[in-house]
$ cat upload33.txt   # compact mmCIF, C-alpha atoms
# COMPACT_ATOMS: atom_id res chain seq x y z
CA MET D 1 0.00 0.00 0.00
CA ASN D 2 1.72 3.08 -1.22
CA GLU D 3 -0.58 5.58 0.46
CA THR D 4 0.35 4.16 3.83
CA ALA D 5 3.76 5.69 3.53
CA ALA D 6 3.95 8.90 5.47
CA HIS D 7 5.30 11.82 3.51
CA ALA D 8 8.01 13.98 4.85
CA HIS D 9 7.29 17.66 4.43
CA ILE D 10 10.40 19.65 3.92
CA GLN D 11 9.98 23.29 4.60
CA SER D 12 12.42 25.99 3.69
CA GLY D 13 15.32 25.49 6.03
CA GLN D 14 13.15 23.96 8.75
CA ARG D 15 13.15 20.56 10.33
CA LEU D 16 11.09 17.71 8.99
CA GLN D 17 7.55 17.07 10.10
CA THR D 18 6.25 13.64 9.26
CA GLY D 19 2.98 11.98 9.98
CA GLN D 20 0.20 9.69 8.94
CA GLN D 21 -0.99 10.62 5.47
CA HIS D 22 -3.82 8.68 3.89
CA PRO D 23 -6.35 9.60 1.23
CA ILE D 24 -9.49 11.40 2.43
CA ARG D 25 -11.52 8.77 0.57
CA LEU D 26 -10.44 6.14 3.13
CA TYR D 27 -11.75 8.23 6.05
CA LEU D 28 -15.04 8.94 4.28
CA LEU D 29 -15.44 5.22 3.55
CA VAL D 30 -14.86 4.27 7.20
CA TRP D 31 -17.17 7.08 8.32
CA GLY D 32 -19.90 5.70 6.06
CA MET D 33 -19.31 2.14 7.31
CA LEU D 34 -19.57 3.30 10.93
CA PHE D 35 -22.89 4.97 10.10
CA VAL D 36 -24.22 1.80 8.46
CA LEU D 37 -23.02 -0.41 11.36
CA SER D 38 -24.60 1.96 13.90
CA ALA D 39 -27.86 1.85 11.94
CA PHE D 40 -27.66 -1.97 11.98
CA SER D 41 -27.13 -2.08 15.75
CA TYR D 42 -30.04 0.32 16.22
CA MET D 43 -32.20 -1.91 14.03
CA VAL D 44 -31.39 -4.86 16.33
CA ASP D 45 -33.33 -3.01 19.02
CA TYR D 46 -35.95 -1.49 16.71
CA LEU D 47 -36.87 -4.86 15.20
CA GLY D 48 -36.95 -6.39 18.68
CA PHE D 49 -34.59 -9.35 18.20
CA GLN D 50 -34.21 -11.28 21.45
CA GLY D 51 -31.97 -13.90 23.01
CA TYR D 52 -28.75 -15.20 21.50
CA LEU D 53 -29.46 -13.65 18.09
CA ARG D 54 -29.66 -10.19 19.71
CA TRP D 55 -26.50 -10.61 21.79
CA THR D 56 -24.51 -12.04 18.87
CA LEU D 57 -25.52 -9.19 16.56
CA ILE D 58 -24.82 -6.53 19.21
CA LEU D 59 -21.33 -7.94 19.87
CA LEU D 60 -20.60 -8.36 16.15
CA PHE D 61 -21.50 -4.78 15.23
CA MET D 62 -19.72 -3.47 18.34
CA MET D 63 -16.47 -5.27 17.50
CA LEU D 64 -16.61 -4.20 13.84
CA LYS D 65 -17.13 -0.55 14.82
CA ALA D 66 -14.40 -0.66 17.48
CA GLY D 67 -12.02 -2.32 15.01
CA LEU D 68 -12.61 0.31 12.33
CA ILE D 69 -12.13 3.20 14.76
CA VAL D 70 -8.91 1.80 16.25
CA ALA D 71 -7.41 0.56 12.97
CA VAL D 72 -8.16 3.48 10.66
CA PHE D 73 -9.18 6.58 12.67
CA MET D 74 -6.54 5.95 15.33
CA HIS D 75 -4.03 4.73 12.70
CA MET D 76 -3.23 1.53 14.59
CA ALA D 77 -3.07 -0.39 11.28
CA TRP D 78 0.02 1.57 10.32
CA GLU D 79 1.90 1.48 13.63
CA ARG D 80 4.67 -1.01 14.36
CA LEU D 81 3.60 -4.27 16.00
CA ALA D 82 5.49 -3.39 19.22
CA LEU D 83 3.01 -0.55 19.89
CA VAL D 84 0.00 -2.53 18.66
CA TYR D 85 0.74 -5.41 21.04
CA ALA D 86 1.67 -3.13 23.96
CA ILE D 87 -1.71 -1.35 23.70
CA LEU D 88 -4.16 -3.96 22.40
CA LEU D 89 -3.10 -7.08 24.34
CA PRO D 90 -3.44 -5.80 27.97
CA PRO D 91 -7.20 -5.03 27.61
CA LEU D 92 -7.76 -8.73 26.91
CA LEU D 93 -6.99 -9.32 30.60
CA VAL D 94 -10.26 -7.50 31.30
CA LEU D 95 -11.93 -10.68 30.00
CA VAL D 96 -10.36 -12.60 32.90
CA PHE D 97 -11.91 -10.06 35.27
CA VAL D 98 -15.25 -10.52 33.46
CA ALA D 99 -15.03 -14.30 33.99
CA LEU D 100 -14.26 -13.80 37.71
CA MET D 101 -17.19 -11.44 38.18
CA VAL D 102 -19.62 -13.66 36.25
CA SER D 103 -18.83 -16.43 38.71
CA GLU D 104 -19.13 -13.99 41.64
CA ALA D 105 -22.49 -12.60 40.39
CA ASP D 106 -23.83 -16.13 39.94
CA TYR D 107 -22.95 -16.89 43.55
CA THR D 108 -24.54 -13.62 44.78
CA ILE D 109 -27.84 -14.27 43.03
CA PHE D 110 -27.79 -17.86 44.25
CA THR D 111 -27.47 -16.74 47.89
CA ARG D 112 -30.06 -13.97 47.42
CA LEU D 113 -32.60 -16.43 46.04
CA ALA D 114 -31.73 -19.05 48.65
CA PHE D 115 -32.10 -16.74 51.66
CA PHE D 116 -34.61 -14.09 50.54
CA GLY D 117 -36.70 -15.94 47.96
CA THR D 118 -37.46 -14.01 44.76
CA GLY D 119 -37.67 -10.57 46.39
CA PRO D 120 -34.60 -8.60 47.44
CA MET N 1 1.47 -2.39 6.73
CA ALA N 2 4.97 -3.76 6.54
CA GLN N 3 6.22 -0.36 5.49
CA THR N 4 7.28 1.82 8.36
CA ILE N 5 8.75 5.23 8.58
CA GLY N 6 11.15 6.57 11.16
CA THR N 7 10.17 9.72 13.03
CA HIS N 8 12.63 11.71 11.02
CA GLY N 9 11.45 10.54 7.65
CA GLU N 10 14.24 8.20 6.66
CA PRO N 11 13.14 4.80 5.38
CA ASP N 12 13.19 2.30 8.20
CA LEU N 13 14.93 -1.00 7.67
CA ARG N 14 13.82 -2.55 10.94
CA PRO N 15 12.46 -6.12 10.85
CA ALA N 16 8.69 -6.66 10.69
CA GLY N 17 6.39 -9.12 12.46
CA LEU N 18 7.14 -10.84 15.76
CA ARG N 19 10.87 -10.58 15.09
CA GLY N 20 10.29 -6.82 14.88
CA VAL N 21 8.43 -6.77 18.24
CA ALA N 22 11.35 -8.56 19.89
CA ALA N 23 13.90 -6.32 18.20
CA ASP N 24 12.01 -3.11 19.16
CA PHE N 25 11.59 -4.03 22.81
CA ALA N 26 15.21 -5.26 23.03
CA SER N 27 16.60 -2.18 21.33
CA ASP N 28 18.38 0.78 22.84
CA GLN N 29 16.64 3.91 24.20
CA ARG N 30 13.12 3.47 22.88
CA ALA N 31 10.78 0.61 22.05
CA PHE N 32 8.20 2.48 19.95
CA LYS N 33 10.21 3.33 16.87
CA THR N 34 7.53 5.10 14.85
CA ALA N 35 5.56 6.76 17.66
CA SER N 36 6.91 9.90 19.31
CA TRP N 37 6.89 10.08 23.11
CA GLY N 38 3.76 12.23 22.98
CA LYS N 39 1.84 9.71 20.93
CA ALA N 40 3.09 6.76 22.99
CA MET N 41 2.10 8.51 26.23
CA MET N 42 -1.38 9.28 24.90
CA TRP N 43 -1.77 5.61 23.95
CA ILE N 44 -0.65 4.50 27.41
CA PHE N 45 -3.06 6.96 29.03
CA LEU N 46 -5.86 5.61 26.83
CA LEU N 47 -4.91 2.08 27.87
CA SER N 48 -5.32 3.06 31.53
CA ASP N 49 -8.64 4.74 30.70
CA THR N 50 -9.73 1.51 28.99
CA PHE N 51 -9.32 -0.24 32.33
CA VAL N 52 -11.35 2.47 34.11
CA PHE N 53 -14.28 2.07 31.72
CA GLY N 54 -13.75 -1.70 31.68
CA CYS N 55 -14.21 -1.72 35.48
CA PHE N 56 -17.39 0.38 35.20
CA LEU N 57 -18.90 -1.97 32.64
CA ILE N 58 -17.90 -5.00 34.70
CA ALA N 59 -19.51 -3.43 37.80
CA TYR N 60 -22.66 -2.87 35.72
CA MET N 61 -22.59 -6.48 34.52
CA THR N 62 -22.17 -7.77 38.08
CA ALA N 63 -25.04 -5.61 39.39
CA ARG N 64 -27.34 -6.65 36.55
CA MET N 65 -26.51 -10.36 36.84
CA SER N 66 -26.80 -10.56 40.62
CA THR N 67 -30.16 -8.86 41.16
CA PRO N 68 -33.32 -10.96 41.36
CA VAL N 69 -35.40 -7.89 40.35
CA ALA N 70 -36.05 -7.39 36.62
CA TRP N 71 -33.74 -4.86 34.91
CA PRO N 72 -35.62 -1.87 33.42
CA ASN N 73 -35.94 -2.25 29.64
CA PRO N 74 -33.64 0.44 28.15
CA SER N 75 -35.54 0.31 24.89
CA GLU N 76 -38.62 1.69 26.71
CA VAL N 77 -36.82 3.83 29.27
CA PHE N 78 -34.98 5.78 26.59
CA ALA N 79 -37.89 6.00 24.15
CA LEU N 80 -39.07 9.43 23.05
CA HIS N 81 -42.67 10.35 22.29
CA ILE N 82 -42.54 11.67 18.72
CA GLY N 83 -45.53 12.22 16.44
CA GLY N 84 -48.00 10.37 18.63
CA GLN N 85 -45.94 7.22 19.15
CA ASP N 86 -43.00 6.04 21.21
CA VAL N 87 -39.83 5.62 19.16
CA PRO N 88 -37.44 3.33 21.05
CA LEU N 89 -33.92 4.56 21.87
CA ILE N 90 -34.18 7.35 19.29
CA LEU N 91 -32.25 9.97 21.29
CA ILE N 92 -29.42 7.50 21.95
CA ALA N 93 -29.30 6.64 18.23
CA ILE N 94 -29.02 10.34 17.32
CA MET N 95 -26.29 10.80 19.96
CA THR N 96 -24.42 7.86 18.44
CA PHE N 97 -24.57 9.34 14.95
CA VAL N 98 -23.47 12.76 16.24
CA LEU N 99 -20.45 11.26 18.00
CA ILE N 100 -19.47 9.16 14.97
CA SER N 101 -19.72 12.25 12.77
CA SER N 102 -17.47 14.14 15.16
CA SER N 103 -14.96 11.29 14.89
CA GLY N 104 -15.15 11.58 11.10
CA THR N 105 -14.47 15.33 11.13
CA MET N 106 -11.61 14.77 13.62
CA ALA N 107 -9.97 12.18 11.35
CA MET N 108 -10.19 14.64 8.46
CA ALA N 109 -8.73 17.41 10.65
CA VAL N 110 -5.68 15.21 11.36
CA ASN N 111 -5.35 14.56 7.64
CA PHE N 112 -5.51 18.25 6.68
CA GLY N 113 -3.12 19.05 9.52
CA TYR N 114 -0.40 16.88 8.00
CA ARG N 115 -1.09 18.57 4.66
CA ARG N 116 -0.32 21.81 6.50
CA ASP N 117 -3.72 23.27 5.65
CA ARG N 118 -4.06 25.44 8.74
CA ARG N 119 -7.50 26.90 7.98
CA THR N 120 -9.32 23.66 7.07
CA THR N 121 -7.77 21.87 10.05
CA ALA N 122 -8.96 24.53 12.50
CA ILE N 123 -12.47 24.63 10.97
CA LEU N 124 -12.80 20.84 11.10
CA MET N 125 -11.63 20.83 14.73
CA LEU N 126 -14.16 23.50 15.65
CA LEU N 127 -16.85 21.44 13.90
CA THR N 128 -15.74 18.41 15.94
CA ALA N 129 -15.97 20.47 19.15
CA LEU N 130 -19.45 21.68 18.12
CA LEU N 131 -20.67 18.11 17.54
CA GLY N 132 -19.13 17.08 20.87
CA ALA N 133 -20.94 19.95 22.63
CA CYS N 134 -24.19 18.81 20.92
CA PHE N 135 -23.62 15.34 22.32
CA VAL N 136 -23.13 16.66 25.86
CA GLY N 137 -26.25 18.82 25.44
CA MET N 138 -28.34 15.81 24.44
CA GLN N 139 -26.92 13.89 27.36
CA ALA N 140 -27.96 16.71 29.72
CA PHE N 141 -31.46 16.51 28.19
CA GLU N 142 -31.51 12.75 28.73
CA TRP N 143 -30.41 13.09 32.37
CA THR N 144 -33.05 15.77 32.99
CA LYS N 145 -35.76 13.60 31.46
CA LEU N 146 -34.80 10.57 33.54
CA ILE N 147 -34.46 12.55 36.76
CA THR N 148 -37.92 14.11 36.30
CA GLU N 149 -39.27 10.60 35.70
CA GLY N 150 -37.94 9.59 39.09
CA VAL N 151 -34.64 7.82 38.36
CA ARG N 152 -32.25 8.14 41.30
CA PRO N 153 -28.98 6.37 42.09
CA TRP N 154 -30.88 4.40 44.75
CA GLY N 155 -34.02 3.53 42.80
CA ASN N 156 -36.34 4.01 39.85
CA PRO N 157 -39.99 3.32 39.01
CA TRP N 158 -39.34 0.41 36.63
CA GLY N 159 -37.23 -2.24 38.30
CA ALA N 160 -33.80 -3.01 39.71
CA ALA N 161 -32.51 -0.17 41.90
CA GLN N 162 -28.96 -0.51 40.52
CA PHE N 163 -30.13 0.82 37.13
CA GLY N 164 -29.90 4.45 38.24
CA SER N 165 -26.47 4.24 39.86
CA THR N 166 -24.84 2.43 36.94
CA PHE N 167 -26.52 4.78 34.43
CA PHE N 168 -25.36 7.97 36.15
CA MET N 169 -21.88 6.56 36.80
CA ILE N 170 -21.17 5.28 33.30
CA THR N 171 -22.78 8.02 31.20
CA GLY N 172 -21.56 10.65 33.65
CA PHE N 173 -17.95 9.58 33.31
CA HIS N 174 -18.28 9.35 29.56
CA GLY N 175 -19.91 12.79 29.39
CA THR N 176 -17.05 14.20 31.47
CA HIS N 177 -14.58 12.75 28.98
CA VAL N 178 -16.47 14.36 26.08
CA THR N 179 -16.53 17.72 27.90
CA ILE N 180 -12.78 17.58 28.57
CA GLY N 181 -12.30 16.59 24.92
CA VAL N 182 -14.25 19.65 23.73
CA ILE N 183 -12.06 21.95 25.87
CA PHE N 184 -8.91 20.16 24.63
CA LEU N 185 -10.16 20.53 21.03
CA LEU N 186 -10.75 24.27 21.42
CA ILE N 187 -7.24 24.76 22.84
CA VAL N 188 -5.54 22.83 20.02
CA ALA N 189 -7.80 24.45 17.36
CA ARG N 190 -6.70 27.89 18.61
CA LYS N 191 -3.05 26.85 18.28
CA VAL N 192 -3.67 25.57 14.75
CA TRP N 193 -5.50 28.76 13.78
CA ARG N 194 -2.69 30.93 15.16
CA GLY N 195 -0.15 28.96 13.12
CA ASP N 196 1.77 27.57 16.11
CA PHE N 197 2.51 24.35 14.26
CA ASP N 198 3.72 26.10 11.11
CA GLN N 199 6.08 28.39 13.02
CA GLU N 200 7.00 25.59 15.47
CA ARG N 201 6.10 27.97 18.29
CA ARG N 202 7.00 26.49 21.63
CA GLY N 203 4.21 25.20 23.91
CA PHE N 204 3.34 27.21 27.03
CA PHE N 205 3.77 24.17 29.28
CA THR N 206 6.28 21.79 27.73
CA SER N 207 8.30 24.43 25.83
CA ARG N 208 8.61 21.95 22.98
CA ARG N 209 8.30 22.92 19.35
CA GLY N 210 4.73 22.87 18.07
CA ARG N 211 4.14 20.11 15.52
CA TYR N 212 1.05 19.02 13.64
CA GLU N 213 1.38 15.73 15.49
CA ALA N 214 -0.43 17.50 18.36
CA VAL N 215 -3.57 17.34 16.21
CA GLU N 216 -3.16 13.60 15.75
CA ILE N 217 -2.61 13.07 19.50
CA MET N 218 -5.72 15.16 20.20
CA GLY N 219 -7.50 12.96 17.65
CA LEU N 220 -6.45 9.79 19.50
CA TYR N 221 -8.20 11.05 22.62
CA TRP N 222 -11.31 12.06 20.70
CA HIS N 223 -11.59 8.74 18.84
CA PHE N 224 -11.19 6.96 22.17
CA VAL N 225 -14.21 8.83 23.54
CA ASP N 226 -16.15 7.62 20.50
CA LEU N 227 -14.78 4.10 21.02
CA VAL N 228 -15.96 4.01 24.65
CA TRP N 229 -19.41 5.11 23.49
CA VAL N 230 -19.53 2.14 21.09
CA PHE N 231 -19.15 -0.18 24.09
CA ILE N 232 -21.58 1.75 26.31
CA PHE N 233 -24.15 1.79 23.49
CA ALA N 234 -23.81 -1.97 23.03
CA PHE N 235 -23.76 -3.06 26.65
CA PHE N 236 -25.86 -0.51 28.47
CA TYR N 237 -28.45 0.63 25.92
CA LEU N 238 -28.87 -2.35 23.61
CA TRP N 239 -28.20 -5.41 25.77
$ encode --input "upload33.txt" --output "structure tokens"
Amino acid sequence: MNETAAHAHIQSGQRLQTGQQHPIRLYLLVWGMLFVLSAFSYMVDYLGFQGYLRWTLILLFMMLKAGLIVAVFMHMAWERLALVYAILLPPLLVLVFVALMVSEADYTIFTRLAFFGTGP
Amino acid sequence: MAQTIGTHGEPDLRPAGLRGVAADFASDQRAFKTASWGKAMMWIFLLSDTFVFGCFLIAYMTARMSTPVAWPNPSEVFALHIGGQDVPLILIAIMTFVLISSSGTMAMAVNFGYRRDRRTTAILMLLTALLGACFVGMQAFEWTKLITEGVRPWGNPWGAAQFGSTFFMITGFHGTHVTIGVIFLLIVARKVWRGDFDQERRGFFTSRRGRYEAVEIMGLYWHFVDLVWVFIFAFFYLW
């Protein structure tokens, strides 16, 4: 991809300033895709899908939107892998925390139902 | 993606892939070869902020999973009465589109900044700030509506009491981030407009030369705010 190369701007006698330079078309495309994906996730609620279909669609559209924002808008697709891994791998540990708290919440509701019945 | 550029513009011959990760972290002085310290620090700050919002969403999940009382249906709670019928979640949908649009204008501002188009960059940043302010305004409207309907951090008319506390906590923190982002945008837009980054005028705080990279770093923060909203929208409003 040639457009991924950042262009150095040489000014008269000044130091170089480099940066991410990509065609505007790419940003407009991603912008449009984010709009469409948001419309899709809104339709999930509007059409009243329930159960596993609803949760799968919500997570799918969420991950696609998050991926587009991080990869293109935040330019992660063009950074070196050292930065990508340093930033994107640690949040995966949050999933471990999620697993711990799912187990904890299950236990809490079990004790609540066992000792108080259905009411709080 | 394999192509990388050093911060000073010379072609970089560093290895790619996993070998590159090992080489970068084992190298002298700095691990992030293409990101300046400013950009790397913003990324690390955003990583820490990810954990903050991650903890909020996990707290919300735990509260919602552990209560025997039914959770209020967000689709009905956030419905607006328009043209004689209730449209579900419509305000939240509009807020989502406004925030995505502001992310779009911010990405374009970064692009025009690196083209050294001072005027367009500043205008796009002001437009981003305006859309961000719109978002905060709509959030204030939403809070007012819910508070008048009787939602409190300790209870609400529709179901589980934890709904109010998680709602105010999560959207409140996100709204604060947007507000700070708007202020940050206005400050950087003023610098762009004044030509600080063309003249490499030194910053009032760091005394470092102004560079258009400041716009990109500002953009990272703004896109992150949008990114957090994607998760809040999915987990709090749609789930």
$ closest_residue --input "upload33.txt" --among "N:Ala93, N:Ile123, N:Val52, N:Ile170" --to "chain D" --atoms "all atoms listed in the file"
N:Ala93
$ residues_around --input "upload33.txt" --residues "region 31-39 of chain D" --least-positions-apart "4" --cutoff "7 Å" --atoms "only C-alpha atoms" --output "list in words"
Tyr27, Met43, Phe61 and Lys65 of chain D; Phe97 and Gly104 of chain N
$ residues_around --input "upload33.txt" --residues "region 100-116 of chain D" --least-positions-apart "3" --cutoff "10 Å" --atoms "all atoms listed in the file" --output "number ranges by chain"
D: 94-97, 119-120; N: 58-59, 61-68
$ atom_distance --input "upload33.txt" --atom1 "CA of Arg152 (chain N)" --atom2 "CA of Thr179 (chain N)"
22.8 Å
$ closest_residue --input "upload33.txt" --among "N:Gly54, N:Gly137, N:Gly38, N:Gly84" --to "chain D" --atoms "all atoms listed in the file"
N:Gly54
$ closest_residue --input "upload33.txt" --among "D:Met76, D:Leu83, D:Leu64, D:Leu93" --to "chain N" --atoms "all atoms listed in the file"
D:Leu83
$ closest_residue --input "upload33.txt" --among "N:Gln29, N:Thr50, N:Ser36, N:Gln139" --to "chain D" --atoms "only C-alpha atoms"
N:Thr50
$ closest_residue --input "upload33.txt" --among "N:Phe163, N:Phe32, N:Phe135, N:Tyr237" --to "chain D" --atoms "only C-alpha atoms"
N:Phe32
$ atom_distance --input "upload33.txt" --atom1 "CA of Phe233 (chain N)" --atom2 "CA of Trp71 (chain N)"
16.3 Å
$ residues_near_point --input "upload33.txt" --point "(-35.6, -5.7, 39.3)" --cutoff "6 Å" --atoms "all atoms listed in the file" --output "list in words"
Val69, Ala70, Trp71, Gly159 and Ala160 of chain N
$ build_atoms --input "upload33.txt" --residues "region 73-105 of chain D" --atoms "N, CA and C atoms" --output "mmCIF file, in the coordinates of the input"
data_model
loop_
_atom_site.group_PDB
_atom_site.id
_atom_site.type_symbol
_atom_site.label_atom_id
_atom_site.label_comp_id
_atom_site.auth_asym_id
_atom_site.auth_seq_id
_atom_site.Cartn_x
_atom_site.Cartn_y
_atom_site.Cartn_z
ATOM 1 N N PHE D 73 -9.150 5.218 12.101
ATOM 2 C CA PHE D 73 -9.180 6.580 12.670
ATOM 3 C C PHE D 73 -7.994 6.810 13.609
ATOM 4 N N MET D 74 -7.650 5.775 14.405
ATOM 5 C CA MET D 74 -6.540 5.950 15.330
ATOM 6 C C MET D 74 -5.221 5.462 14.738
ATOM 7 N N HIS D 75 -5.247 5.080 13.451
ATOM 8 C CA HIS D 75 -4.030 4.730 12.700
ATOM 9 C C HIS D 75 -3.268 3.533 13.245
ATOM 10 N N MET D 76 -3.941 2.666 14.021
ATOM 11 C CA MET D 76 -3.230 1.530 14.590
ATOM 12 C C MET D 76 -2.743 0.574 13.497
ATOM 13 N N ALA D 77 -3.456 0.534 12.360
ATOM 14 C CA ALA D 77 -3.070 -0.390 11.280
ATOM 15 C C ALA D 77 -1.704 -0.052 10.708
ATOM 16 N N TRP D 78 -1.251 1.173 10.919
ATOM 17 C CA TRP D 78 0.020 1.570 10.320
ATOM 18 C C TRP D 78 1.135 1.740 11.354
ATOM 19 N N GLU D 79 0.853 1.390 12.602
ATOM 20 C CA GLU D 79 1.900 1.480 13.630
ATOM 21 C C GLU D 79 2.711 0.174 13.616
ATOM 22 N N ARG D 80 3.867 0.222 14.250
ATOM 23 C CA ARG D 80 4.670 -1.010 14.360
ATOM 24 C C ARG D 80 4.028 -1.946 15.367
ATOM 25 N N LEU D 81 4.249 -3.252 15.166
ATOM 26 C CA LEU D 81 3.600 -4.270 16.000
ATOM 27 C C LEU D 81 3.915 -4.101 17.485
ATOM 28 N N ALA D 82 5.120 -3.554 17.804
ATOM 29 C CA ALA D 82 5.490 -3.390 19.220
ATOM 30 C C ALA D 82 4.453 -2.525 19.925
ATOM 31 N N LEU D 83 4.018 -1.428 19.287
ATOM 32 C CA LEU D 83 3.010 -0.550 19.890
ATOM 33 C C LEU D 83 1.647 -1.220 19.892
ATOM 34 N N VAL D 84 1.316 -1.875 18.771
ATOM 35 C CA VAL D 84 0.000 -2.530 18.660
ATOM 36 C C VAL D 84 -0.169 -3.547 19.791
ATOM 37 N N TYR D 85 0.841 -4.391 19.991
ATOM 38 C CA TYR D 85 0.740 -5.410 21.040
ATOM 39 C C TYR D 85 0.734 -4.773 22.427
ATOM 40 N N ALA D 86 1.581 -3.755 22.632
ATOM 41 C CA ALA D 86 1.670 -3.130 23.960
ATOM 42 C C ALA D 86 0.329 -2.516 24.353
ATOM 43 N N ILE D 87 -0.455 -2.027 23.373
ATOM 44 C CA ILE D 87 -1.710 -1.350 23.700
ATOM 45 C C ILE D 87 -2.907 -2.290 23.610
ATOM 46 N N LEU D 88 -2.934 -3.165 22.618
ATOM 47 C CA LEU D 88 -4.160 -3.960 22.400
ATOM 48 C C LEU D 88 -4.204 -5.269 23.184
ATOM 49 N N LEU D 89 -3.047 -5.820 23.596
ATOM 50 C CA LEU D 89 -3.100 -7.080 24.340
ATOM 51 C C LEU D 89 -3.543 -6.921 25.804
ATOM 52 N N PRO D 90 -3.036 -5.899 26.557
ATOM 53 C CA PRO D 90 -3.440 -5.800 27.970
ATOM 54 C C PRO D 90 -4.956 -5.759 28.202
ATOM 55 N N PRO D 91 -5.759 -5.039 27.346
ATOM 56 C CA PRO D 91 -7.200 -5.030 27.610
ATOM 57 C C PRO D 91 -7.843 -6.417 27.574
ATOM 58 N N LEU D 92 -7.199 -7.382 26.925
ATOM 59 C CA LEU D 92 -7.760 -8.730 26.910
ATOM 60 C C LEU D 92 -7.849 -9.316 28.322
ATOM 61 N N LEU D 93 -6.957 -8.821 29.223
ATOM 62 C CA LEU D 93 -6.990 -9.320 30.600
ATOM 63 C C LEU D 93 -8.299 -8.946 31.283
ATOM 64 N N VAL D 94 -8.962 -7.882 30.765
ATOM 65 C CA VAL D 94 -10.260 -7.500 31.300
ATOM 66 C C VAL D 94 -11.229 -8.689 31.212
ATOM 67 N N LEU D 95 -11.055 -9.516 30.174
ATOM 68 C CA LEU D 95 -11.930 -10.680 30.000
ATOM 69 C C LEU D 95 -11.788 -11.659 31.171
ATOM 70 N N VAL D 96 -10.571 -11.750 31.723
ATOM 71 C CA VAL D 96 -10.360 -12.600 32.900
ATOM 72 C C VAL D 96 -11.189 -12.063 34.068
ATOM 73 N N PHE D 97 -11.146 -10.728 34.239
ATOM 74 C CA PHE D 97 -11.910 -10.060 35.270
ATOM 75 C C PHE D 97 -13.412 -10.326 35.058
ATOM 76 N N VAL D 98 -13.848 -10.255 33.787
ATOM 77 C CA VAL D 98 -15.250 -10.520 33.460
ATOM 78 C C VAL D 98 -15.619 -11.932 33.930
ATOM 79 N N ALA D 99 -14.756 -12.907 33.613
ATOM 80 C CA ALA D 99 -15.030 -14.300 33.990
ATOM 81 C C ALA D 99 -15.145 -14.430 35.512
ATOM 82 N N LEU D 100 -14.221 -13.761 36.245
ATOM 83 C CA LEU D 100 -14.260 -13.800 37.710
ATOM 84 C C LEU D 100 -15.584 -13.250 38.227
ATOM 85 N N MET D 101 -16.003 -12.092 37.660
ATOM 86 C CA MET D 101 -17.190 -11.440 38.180
ATOM 87 C C MET D 101 -18.476 -12.149 37.767
ATOM 88 N N VAL D 102 -18.455 -12.846 36.630
ATOM 89 C CA VAL D 102 -19.620 -13.660 36.250
ATOM 90 C C VAL D 102 -19.829 -14.736 37.311
ATOM 91 N N SER D 103 -18.741 -15.381 37.702
ATOM 92 C CA SER D 103 -18.830 -16.430 38.710
ATOM 93 C C SER D 103 -19.288 -15.841 40.049
ATOM 94 N N GLU D 104 -18.765 -14.653 40.394
ATOM 95 C CA GLU D 104 -19.130 -13.990 41.640
ATOM 96 C C GLU D 104 -20.625 -13.602 41.632
ATOM 97 N N ALA D 105 -21.093 -13.038 40.490
ATOM 98 C CA ALA D 105 -22.490 -12.600 40.390
ATOM 99 C C ALA D 105 -23.426 -13.804 40.474
#
